[in-house]
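Here is query.csv, consisting of CSV, C-alpha atoms:
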```
chain,number,residue,atom,x,y,z
A,1,MET,CA,-6.1,-19.3,-37.2
A,2,ASN,CA,-8.2,-22.2,-36.0
A,3,SER,CA,-11.8,-22.0,-37.3
A,4,THR,CA,-13.1,-22.3,-33.7
A,5,GLN,CA,-11.1,-19.3,-32.6
A,6,VAL,CA,-12.9,-16.7,-34.7
A,7,ASP,CA,-13.1,-13.1,-33.6
A,8,PRO,CA,-15.3,-13.1,-30.4
A,9,ILE,CA,-17.1,-10.0,-31.6
A,10,SER,CA,-18.6,-11.8,-34.6
A,11,VAL,CA,-19.9,-14.7,-32.5
A,12,LYS,CA,-21.6,-12.7,-29.9
A,13,GLY,CA,-24.0,-14.9,-28.0
A,14,GLN,CA,-22.9,-18.0,-29.9
A,15,ASN,CA,-20.7,-21.0,-29.1
A,16,ASN,CA,-20.5,-19.8,-25.5
A,17,ILE,CA,-17.6,-17.5,-26.3
A,18,GLU,CA,-17.8,-14.5,-24.1
A,19,SER,CA,-18.0,-11.4,-26.3
A,20,PHE,CA,-15.5,-8.6,-26.1
A,21,GLU,CA,-17.9,-5.8,-25.7
A,22,PRO,CA,-19.1,-6.5,-22.1
A,23,TRP,CA,-15.5,-7.0,-21.1
A,24,LEU,CA,-14.6,-3.6,-22.4
A,25,VAL,CA,-17.6,-1.9,-20.9
A,26,ASN,CA,-16.8,-3.6,-17.6
A,27,LYS,CA,-13.2,-2.4,-17.7
A,28,PHE,CA,-14.3,1.1,-18.5
A,29,ASP,CA,-16.6,1.0,-15.5
A,30,GLU,CA,-13.7,-0.2,-13.4
A,31,LEU,CA,-11.5,2.6,-14.6
A,32,ASN,CA,-14.2,5.2,-13.9
A,33,GLU,CA,-14.5,3.9,-10.4
A,34,ASN,CA,-10.8,4.0,-9.9
A,35,ILE,CA,-10.6,7.6,-11.2
A,36,THR,CA,-13.5,8.6,-8.9
A,37,GLU,CA,-11.7,7.0,-6.0
A,38,SER,CA,-8.4,8.8,-6.7
A,39,ASP,CA,-10.4,12.0,-7.1
A,40,MET,CA,-12.0,11.5,-3.7
A,41,LEU,CA,-8.6,10.7,-2.1
A,42,VAL,CA,-7.1,13.9,-3.5
A,43,ARG,CA,-10.1,15.8,-2.1
A,44,LYS,CA,-9.5,14.2,1.3
A,45,LEU,CA,-5.8,15.1,1.1
A,46,ALA,CA,-6.7,18.7,0.3
A,47,MET,CA,-9.0,18.7,3.3
A,48,GLY,CA,-6.3,17.2,5.5
A,49,GLU,CA,-8.1,14.0,6.2
A,50,THR,CA,-5.5,11.7,4.7
A,51,GLU,CA,-3.6,9.4,6.9
A,52,ASN,CA,-1.0,8.3,4.4
A,53,LEU,CA,0.3,10.1,1.4
A,54,HIS,CA,1.3,6.9,-0.4
A,55,GLN,CA,-2.2,5.6,-0.5
A,56,VAL,CA,-3.2,8.7,-2.6
A,57,MET,CA,-0.2,8.3,-4.9
A,58,ILE,CA,-0.8,4.6,-5.4
A,59,ALA,CA,-4.5,5.1,-6.2
A,60,MET,CA,-3.6,7.7,-8.7
A,61,GLU,CA,-0.8,5.6,-10.2
A,62,LYS,CA,-3.3,2.7,-10.6
A,63,SER,CA,-5.8,4.8,-12.4
A,64,LYS,CA,-3.1,6.1,-14.6
A,65,LEU,CA,-1.9,2.7,-15.5
A,66,GLN,CA,-5.4,1.4,-16.1
A,67,PHE,CA,-6.2,4.4,-18.3
A,68,SER,CA,-3.1,3.8,-20.4
A,69,LEU,CA,-4.0,0.1,-20.8
A,70,LEU,CA,-7.5,1.0,-22.0
A,71,THR,CA,-6.2,3.7,-24.3
A,72,GLU,CA,-3.9,1.0,-25.8
A,73,VAL,CA,-6.9,-1.3,-26.3
A,74,ARG,CA,-8.9,1.5,-27.9
A,75,ASN,CA,-5.9,2.3,-30.2
A,76,LYS,CA,-5.7,-1.3,-31.3
A,77,LEU,CA,-9.4,-1.5,-31.9
A,78,LEU,CA,-9.3,1.6,-34.1
A,79,GLU,CA,-6.3,0.4,-35.9
A,80,GLY,CA,-8.1,-2.8,-36.8
A,81,TYR,CA,-11.2,-0.8,-37.9
A,82,GLN,CA,-9.1,1.5,-40.1
A,83,GLU,CA,-7.3,-1.5,-41.6
A,84,VAL,CA,-10.7,-3.0,-42.5
A,85,MET,CA,-11.9,0.4,-43.9
A,86,ARG,CA,-8.8,0.6,-46.1
A,87,MET,CA,-9.7,-2.7,-47.7
A,88,GLN,CA,-10.2,-2.6,-51.5
A,89,ILE,CA,-13.6,-3.8,-52.6
B,1,MET,CA,-3.5,-12.0,-8.6
B,2,ASP,CA,-3.8,-9.1,-11.0
B,3,TYR,CA,-1.2,-6.8,-12.3
B,4,PHE,CA,-1.6,-4.5,-9.3
B,5,SER,CA,-0.8,-7.1,-6.6
B,6,ALA,CA,2.8,-6.1,-6.2
B,7,MET,CA,1.7,-2.5,-5.6
B,8,ASP,CA,-1.0,-3.6,-3.1
B,9,ILE,CA,1.5,-5.7,-1.2
B,10,SER,CA,4.1,-2.9,-1.0
B,11,ALA,CA,1.3,-0.5,0.1
B,12,THR,CA,0.9,-2.6,3.2
B,13,GLY,CA,4.6,-2.5,3.7
B,14,LEU,CA,4.5,1.3,3.4
B,15,ASP,CA,1.7,1.5,6.0
B,16,LEU,CA,3.8,-0.5,8.4
B,17,GLU,CA,6.9,1.6,8.0
B,18,ARG,CA,4.8,4.8,8.4
B,19,THR,CA,3.4,3.4,11.6
B,20,ARG,CA,6.9,2.5,12.8
B,21,LEU,CA,8.0,6.1,12.1
B,22,ASP,CA,5.0,7.5,14.0
B,23,LEU,CA,5.9,5.3,17.1
B,24,ILE,CA,9.6,6.3,16.9
B,25,ALA,CA,8.4,10.0,16.8
B,26,LEU,CA,6.3,9.4,19.9
B,27,ASN,CA,9.1,7.6,21.7
B,28,ILE,CA,11.7,10.3,20.9
B,29,ALA,CA,9.2,13.1,21.8
B,30,ASN,CA,8.5,11.5,25.2
B,31,ALA,CA,12.1,10.5,25.9
B,32,THR,CA,12.7,13.2,28.5
B,33,THR,CA,9.3,13.1,30.2
B,34,THR,CA,9.4,12.4,34.0
B,35,ASN,CA,7.1,11.2,36.6
B,36,SER,CA,7.2,10.6,40.4
B,37,ASN,CA,5.4,7.3,40.1
B,38,PRO,CA,7.1,4.5,38.1
B,39,ASN,CA,3.7,3.2,37.1
B,40,ASN,CA,2.7,6.4,35.4
B,41,VAL,CA,5.9,6.9,33.4
B,42,TYR,CA,5.6,7.0,29.6
B,43,ARG,CA,6.2,3.5,28.2
B,44,PRO,CA,7.9,3.1,24.8
B,45,LEU,CA,5.6,1.7,22.1
B,46,ASN,CA,6.5,-1.0,19.6
B,47,VAL,CA,4.6,-2.2,16.6
B,48,ILE,CA,4.0,-5.9,16.1
B,49,ALA,CA,3.5,-7.0,12.6
B,50,SER,CA,2.9,-10.3,10.9
B,51,PRO,CA,2.2,-11.6,7.4
B,52,LYS,CA,-1.3,-10.9,6.2
B,53,ALA,CA,-3.0,-14.0,5.0
B,54,ALA,CA,-4.8,-13.6,1.7
B,55,SER,CA,-8.6,-13.5,2.0
B,56,PHE,CA,-10.5,-16.8,1.7
B,57,GLU,CA,-12.2,-15.5,-1.4
B,58,THR,CA,-9.0,-14.9,-3.3
B,59,GLN,CA,-7.5,-18.1,-2.1
B,60,LEU,CA,-10.5,-20.0,-3.4
B,61,ASP,CA,-10.6,-17.9,-6.6
B,62,GLY,CA,-7.0,-18.6,-7.7
B,63,GLN,CA,-6.6,-21.9,-6.0
B,64,LEU,CA,-3.0,-23.0,-6.4
B,65,LYS,CA,-1.6,-20.1,-8.3
B,66,GLN,CA,-2.6,-17.6,-5.6
B,67,LEU,CA,-0.1,-16.2,-3.2
B,68,PRO,CA,-0.7,-17.4,0.4
B,69,TYR,CA,-0.2,-13.9,1.8
B,70,SER,CA,-1.4,-10.5,0.6
B,71,GLY,CA,1.1,-8.4,2.4
B,72,VAL,CA,2.0,-7.4,6.0
B,73,GLU,CA,-0.4,-6.6,8.7
B,74,ILE,CA,0.0,-4.6,11.9
B,75,THR,CA,-1.3,-7.0,14.6
B,76,SER,CA,-0.9,-4.7,17.5
B,77,ILE,CA,0.9,-1.7,19.0
B,78,ASP,CA,2.2,-2.7,22.3
B,79,TYR,CA,4.0,-1.2,25.3
B,80,SER,CA,7.6,-2.0,25.9
B,81,ARG,CA,8.2,-4.1,29.0
B,82,SER,CA,11.3,-2.2,30.0
B,83,GLU,CA,11.5,-0.8,33.5
B,84,PRO,CA,11.5,3.0,33.9
B,85,ARG,CA,14.9,4.6,34.7
B,86,LYS,CA,15.3,5.8,38.3
B,87,VAL,CA,17.4,9.0,38.7
B,88,LEU,CA,18.3,10.6,42.0
B,89,SER,CA,17.4,14.3,41.7
B,90,PRO,CA,16.0,15.6,44.9
B,91,GLY,CA,15.4,19.1,43.7
B,92,HIS,CA,13.2,18.0,40.8
B,93,PRO,CA,9.5,18.9,41.0
B,94,HIS,CA,8.7,15.3,40.1
B,95,ALA,CA,10.9,13.8,42.8
B,96,ASP,CA,9.3,11.3,45.1
B,97,LYS,CA,9.8,11.3,48.9
B,98,ASP,CA,13.2,9.6,48.5
B,99,GLY,CA,14.3,12.1,45.9
B,100,PHE,CA,14.0,9.8,42.9
B,101,VAL,CA,12.6,10.8,39.5
B,102,PHE,CA,11.4,8.2,37.0
B,103,SER,CA,11.8,8.6,33.3
B,104,PRO,CA,11.1,6.2,30.4
B,105,ASP,CA,13.8,3.7,29.4
B,106,ILE,CA,14.3,5.2,25.9
B,107,ASN,CA,17.7,4.9,24.3
B,108,LEU,CA,18.0,7.6,21.7
B,109,THR,CA,20.7,5.7,19.8
B,110,VAL,CA,18.4,2.7,19.4
B,111,GLU,CA,15.5,4.9,18.4
B,112,MET,CA,17.7,6.5,15.7
B,113,LEU,CA,18.7,3.1,14.4
B,114,ASP,CA,15.0,2.1,14.3
B,115,LEU,CA,14.4,5.4,12.5
B,116,ILE,CA,17.0,4.6,9.8
B,117,SER,CA,15.6,1.1,9.4
B,118,ALA,CA,12.0,2.4,9.0
B,119,ARG,CA,13.2,4.9,6.5
B,120,ARG,CA,15.1,2.4,4.5
B,121,GLY,CA,12.2,-0.1,4.7
B,122,TYR,CA,9.9,2.6,3.3
B,123,GLU,CA,12.3,3.3,0.5
B,124,ALA,CA,12.6,-0.4,-0.3
B,125,ASN,CA,8.8,-0.7,-0.6
B,126,LEU,CA,8.7,2.3,-2.8
B,127,LYS,CA,11.4,0.8,-5.0
B,128,VAL,CA,9.2,-2.3,-5.5
B,129,ILE,CA,6.2,-0.1,-6.4
B,130,SER,CA,8.2,1.8,-8.9
B,131,ALA,CA,9.6,-1.4,-10.4
B,132,ALA,CA,6.0,-2.8,-10.7
B,133,LYS,CA,5.0,0.5,-12.3
B,134,THR,CA,7.8,0.4,-14.8
B,135,MET,CA,7.2,-3.3,-15.7
B,136,ASN,CA,3.5,-2.5,-16.4
B,137,GLU,CA,4.4,0.5,-18.4
B,138,ARG,CA,7.0,-1.5,-20.4
B,139,ALA,CA,4.4,-4.2,-21.1
B,140,LEU,CA,2.1,-1.5,-22.5
B,141,GLU,CA,4.8,-0.7,-25.0
B,142,ILE,CA,4.5,-4.1,-26.6
B,143,GLY,CA,3.3,-3.7,-30.2
B,144,LYS,CA,4.1,0.0,-30.4
```

Before we go any further, please render this structure as structure tokens.
Amino acid sequence: MNSTQVDPISVKGQNNIESFEPWLVNKFDELNENITESDMLVRKLAMGETENLHQVMIAMEKSKLQFSLLTEVRNKLLEGYQEVMRMQI
Amino acid sequence: MDYFSAMDISATGLDLERTRLDLIALNIANATTTNSNPNNVYRPLNVIASPKAASFETQLDGQLKQLPYSGVEITSIDYSRSEPRKVLSPGHPHADKDGFVFSPDINLTVEMLDLISARRGYEANLKVISAAKTMNERALEIGK
């Protein structure tokens, strides 16, 4: 690996490399918003205020996909952490 | 252009086909209505759609990589210009002084064909959505 391409987490605030943490937090916020929106759409559907069924389904599908993506990111992070913890000192 | 763009585009297609279905339902439901005045007869409705241009913001954002359109857009729902049908039926309560009754110029066969096309169009858009979904899900399997 090139020395300038070190892990962004370790150079937080340095070298103008955007750190990973705000990205993750931002994505989680986005996911939360999406889930809230899907929830609202389902409520509307239950109350008979929905114009189109497909909008509800697409919103739910989007939240589901985004959730899987973030779960995958979390799994990778944990994997890396565990790998480090297993290191012999 | 994010990984949801195919879904968003197809969603606009679904909206359009749903609207077409609604209009066909209206046309078929009103096919047998009558009136004594040709100007008051139910007039068939048509949906007019055109490509939906991407917003200026997204065009600026992605510059050249961006798609020029972000889906399809219903520009208007308009009345058909076809003349009402004139049927001689002197005993009809809606007959005018010459015994003619006016009814909308709706051809059930044409409406049925439109119905099939709207349904198939809806299905085609759904196929795109499910393909986009499968592709995203498969991408998440990388590294598993």

Thr33 in chain B surroundings by all atoms listed in the file, 8 Å radius, close-in-sequence under 4 positions cut, as a list of chain:residue names: B:Val41, B:Tyr42, B:Ser103, B:Pro104

At most 8 Å to chain A: residues in chain B, all atoms listed in the file, as a ChimeraX atom specification: /B:4,7,11,14-15,18,133,136-137,140

Shell around Arg120 in chain B at 12 Å using all atoms listed in the file, local window under 4 positions removed, as a list in words: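 Residues near the query, excluding close chain neighbours: Gly13, Leu14, Glu17, Arg18, Arg20, Leu21, Leu113, Asp114, Leu115, Ile116, Ala124, Asn125, Leu126 and Lys127 of chain B.
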
Atomic distance CA of Glu37 in chain A - CA of Leu67 in chain B, expressed in Å with one decimal: 26.1 Å

Point-to-point distance from CA of Tyr79 in chain B to CA of Glu123 in chain B, Å rounded to tenths: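 Between CA of Tyr79 in chain B and CA of Glu123 in chain B the gap works out to 26.5 Å.
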
Length of the CA of Leu88 in chain B to CA of Ile24 in chain B vector [Å]: 26.9 Å

Which residue of B:Ala54, B:Leu16, B:Ala6, B:Ile28 approaches Ser76 in chain B most closely, using all atoms listed in the file: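 Once distances to Ser76 in chain B are computed over all atoms listed in the file, the minimum belongs to B:Leu16.
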
Taking (16.1, 6.1, 38.3) in the coordinates of the supplied file, I want to know which residues reach to within 9 Å of it, counting all atoms listed in the file; could you give the answer as a PDB file with C-alpha atoms, in the coordinates of the input?
```pdb
ATOM      1  CA  PRO B  84      11.500   3.000  33.900  1.00  0.00           C
ATOM      2  CA  ARG B  85      14.900   4.600  34.700  1.00  0.00           C
ATOM      3  CA  LYS B  86      15.300   5.800  38.300  1.00  0.00           C
ATOM      4  CA  VAL B  87      17.400   9.000  38.700  1.00  0.00           C
ATOM      5  CA  LEU B  88      18.300  10.600  42.000  1.00  0.00           C
ATOM      6  CA  SER B  89      17.400  14.300  41.700  1.00  0.00           C
ATOM      7  CA  PHE B 100      14.000   9.800  42.900  1.00  0.00           C
ATOM      8  CA  VAL B 101      12.600  10.800  39.500  1.00  0.00           C
ATOM      9  CA  PHE B 102      11.400   8.200  37.000  1.00  0.00           C
ATOM     10  CA  SER B 103      11.800   8.600  33.300  1.00  0.00           C
TER      11      SER B 103
END
```

Polymer residues at most 9 Å from Phe67 in chain A, only C-alpha atoms, same-chain spacing of 6 or more positions, as number ranges by chain: A: 28, 31, 35

Selection above as a file: C-alpha atoms, as an mmCIF file, keeping the file's coordinate frame:
```cif
data_model
loop_
_atom_site.group_PDB
_atom_site.id
_atom_site.type_symbol
_atom_site.label_atom_id
_atom_site.label_comp_id
_atom_site.auth_asym_id
_atom_site.auth_seq_id
_atom_site.Cartn_x
_atom_site.Cartn_y
_atom_site.Cartn_z
ATOM 1 C CA PHE A 28 -14.300 1.100 -18.500
ATOM 2 C CA LEU A 31 -11.500 2.600 -14.600
ATOM 3 C CA ILE A 35 -10.600 7.600 -11.200
#
```

Nearest to Leu45 in chain A by atom-to-atom distance, counting only C-alpha atoms, from A:Ser19, A:Met57, A:Glu30, A:Val84: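 With only C-alpha atoms as the atom set, the closest residue is A:Met57.
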
Give me range 68-88 of chain A with N, CA and C atoms filled in, as a PDB file, in the frame of the given file.
```
ATOM      1  N   SER A  68      -3.946   4.035 -19.255  1.00  0.00           N
ATOM      2  CA  SER A  68      -3.100   3.800 -20.400  1.00  0.00           C
ATOM      3  C   SER A  68      -3.392   2.439 -21.047  1.00  0.00           C
ATOM      4  N   LEU A  69      -3.722   1.439 -20.215  1.00  0.00           N
ATOM      5  CA  LEU A  69      -4.000   0.100 -20.800  1.00  0.00           C
ATOM      6  C   LEU A  69      -5.277   0.211 -21.663  1.00  0.00           C
ATOM      7  N   LEU A  70      -6.318   0.896 -21.181  1.00  0.00           N
ATOM      8  CA  LEU A  70      -7.500   1.000 -22.000  1.00  0.00           C
ATOM      9  C   LEU A  70      -7.343   1.849 -23.215  1.00  0.00           C
ATOM     10  N   THR A  71      -6.484   2.876 -23.106  1.00  0.00           N
ATOM     11  CA  THR A  71      -6.200   3.700 -24.300  1.00  0.00           C
ATOM     12  C   THR A  71      -5.513   2.802 -25.343  1.00  0.00           C
ATOM     13  N   GLU A  72      -4.626   1.933 -24.852  1.00  0.00           N
ATOM     14  CA  GLU A  72      -3.900   1.000 -25.800  1.00  0.00           C
ATOM     15  C   GLU A  72      -4.913   0.101 -26.457  1.00  0.00           C
ATOM     16  N   VAL A  73      -5.862  -0.428 -25.696  1.00  0.00           N
ATOM     17  CA  VAL A  73      -6.900  -1.300 -26.300  1.00  0.00           C
ATOM     18  C   VAL A  73      -7.699  -0.566 -27.313  1.00  0.00           C
ATOM     19  N   ARG A  74      -8.072   0.665 -26.985  1.00  0.00           N
ATOM     20  CA  ARG A  74      -8.900   1.500 -27.900  1.00  0.00           C
ATOM     21  C   ARG A  74      -8.042   1.735 -29.199  1.00  0.00           C
ATOM     22  N   ASN A  75      -6.746   2.042 -29.051  1.00  0.00           N
ATOM     23  CA  ASN A  75      -5.900   2.300 -30.200  1.00  0.00           C
ATOM     24  C   ASN A  75      -5.867   1.059 -31.124  1.00  0.00           C
ATOM     25  N   LYS A  76      -5.728  -0.100 -30.500  1.00  0.00           N
ATOM     26  CA  LYS A  76      -5.700  -1.300 -31.300  1.00  0.00           C
ATOM     27  C   LYS A  76      -6.974  -1.571 -32.027  1.00  0.00           C
ATOM     28  N   LEU A  77      -8.091  -1.320 -31.320  1.00  0.00           N
ATOM     29  CA  LEU A  77      -9.400  -1.500 -31.900  1.00  0.00           C
ATOM     30  C   LEU A  77      -9.543  -0.597 -33.160  1.00  0.00           C
ATOM     31  N   LEU A  78      -9.185   0.685 -32.983  1.00  0.00           N
ATOM     32  CA  LEU A  78      -9.300   1.600 -34.100  1.00  0.00           C
ATOM     33  C   LEU A  78      -8.408   1.269 -35.233  1.00  0.00           C
ATOM     34  N   GLU A  79      -7.203   0.811 -34.884  1.00  0.00           N
ATOM     35  CA  GLU A  79      -6.300   0.400 -35.900  1.00  0.00           C
ATOM     36  C   GLU A  79      -6.872  -0.711 -36.766  1.00  0.00           C
ATOM     37  N   GLY A  80      -7.463  -1.690 -36.089  1.00  0.00           N
ATOM     38  CA  GLY A  80      -8.100  -2.800 -36.800  1.00  0.00           C
ATOM     39  C   GLY A  80      -9.234  -2.296 -37.682  1.00  0.00           C
ATOM     40  N   TYR A  81     -10.036  -1.387 -37.125  1.00  0.00           N
ATOM     41  CA  TYR A  81     -11.200  -0.800 -37.900  1.00  0.00           C
ATOM     42  C   TYR A  81     -10.669  -0.122 -39.117  1.00  0.00           C
ATOM     43  N   GLN A  82      -9.613   0.712 -38.939  1.00  0.00           N
ATOM     44  CA  GLN A  82      -9.100   1.500 -40.100  1.00  0.00           C
ATOM     45  C   GLN A  82      -8.523   0.548 -41.127  1.00  0.00           C
ATOM     46  N   GLU A  83      -7.903  -0.525 -40.646  1.00  0.00           N
ATOM     47  CA  GLU A  83      -7.300  -1.500 -41.600  1.00  0.00           C
ATOM     48  C   GLU A  83      -8.450  -2.097 -42.446  1.00  0.00           C
ATOM     49  N   VAL A  84      -9.570  -2.403 -41.810  1.00  0.00           N
ATOM     50  CA  VAL A  84     -10.700  -3.000 -42.500  1.00  0.00           C
ATOM     51  C   VAL A  84     -11.259  -1.928 -43.520  1.00  0.00           C
ATOM     52  N   MET A  85     -11.363  -0.670 -43.066  1.00  0.00           N
ATOM     53  CA  MET A  85     -11.900   0.400 -43.900  1.00  0.00           C
ATOM     54  C   MET A  85     -11.042   0.645 -45.151  1.00  0.00           C
ATOM     55  N   ARG A  86      -9.751   0.371 -45.005  1.00  0.00           N
ATOM     56  CA  ARG A  86      -8.800   0.600 -46.100  1.00  0.00           C
ATOM     57  C   ARG A  86      -8.893  -0.494 -47.169  1.00  0.00           C
ATOM     58  N   MET A  87      -9.631  -1.536 -46.832  1.00  0.00           N
ATOM     59  CA  MET A  87      -9.700  -2.700 -47.700  1.00  0.00           C
ATOM     60  C   MET A  87     -10.295  -2.356 -49.074  1.00  0.00           C
ATOM     61  N   GLN A  88      -9.687  -2.833 -50.145  1.00  0.00           N
ATOM     62  CA  GLN A  88     -10.200  -2.600 -51.500  1.00  0.00           C
ATOM     63  C   GLN A  88     -11.422  -3.511 -51.737  1.00  0.00           C
TER      64      GLN A  88
END
```
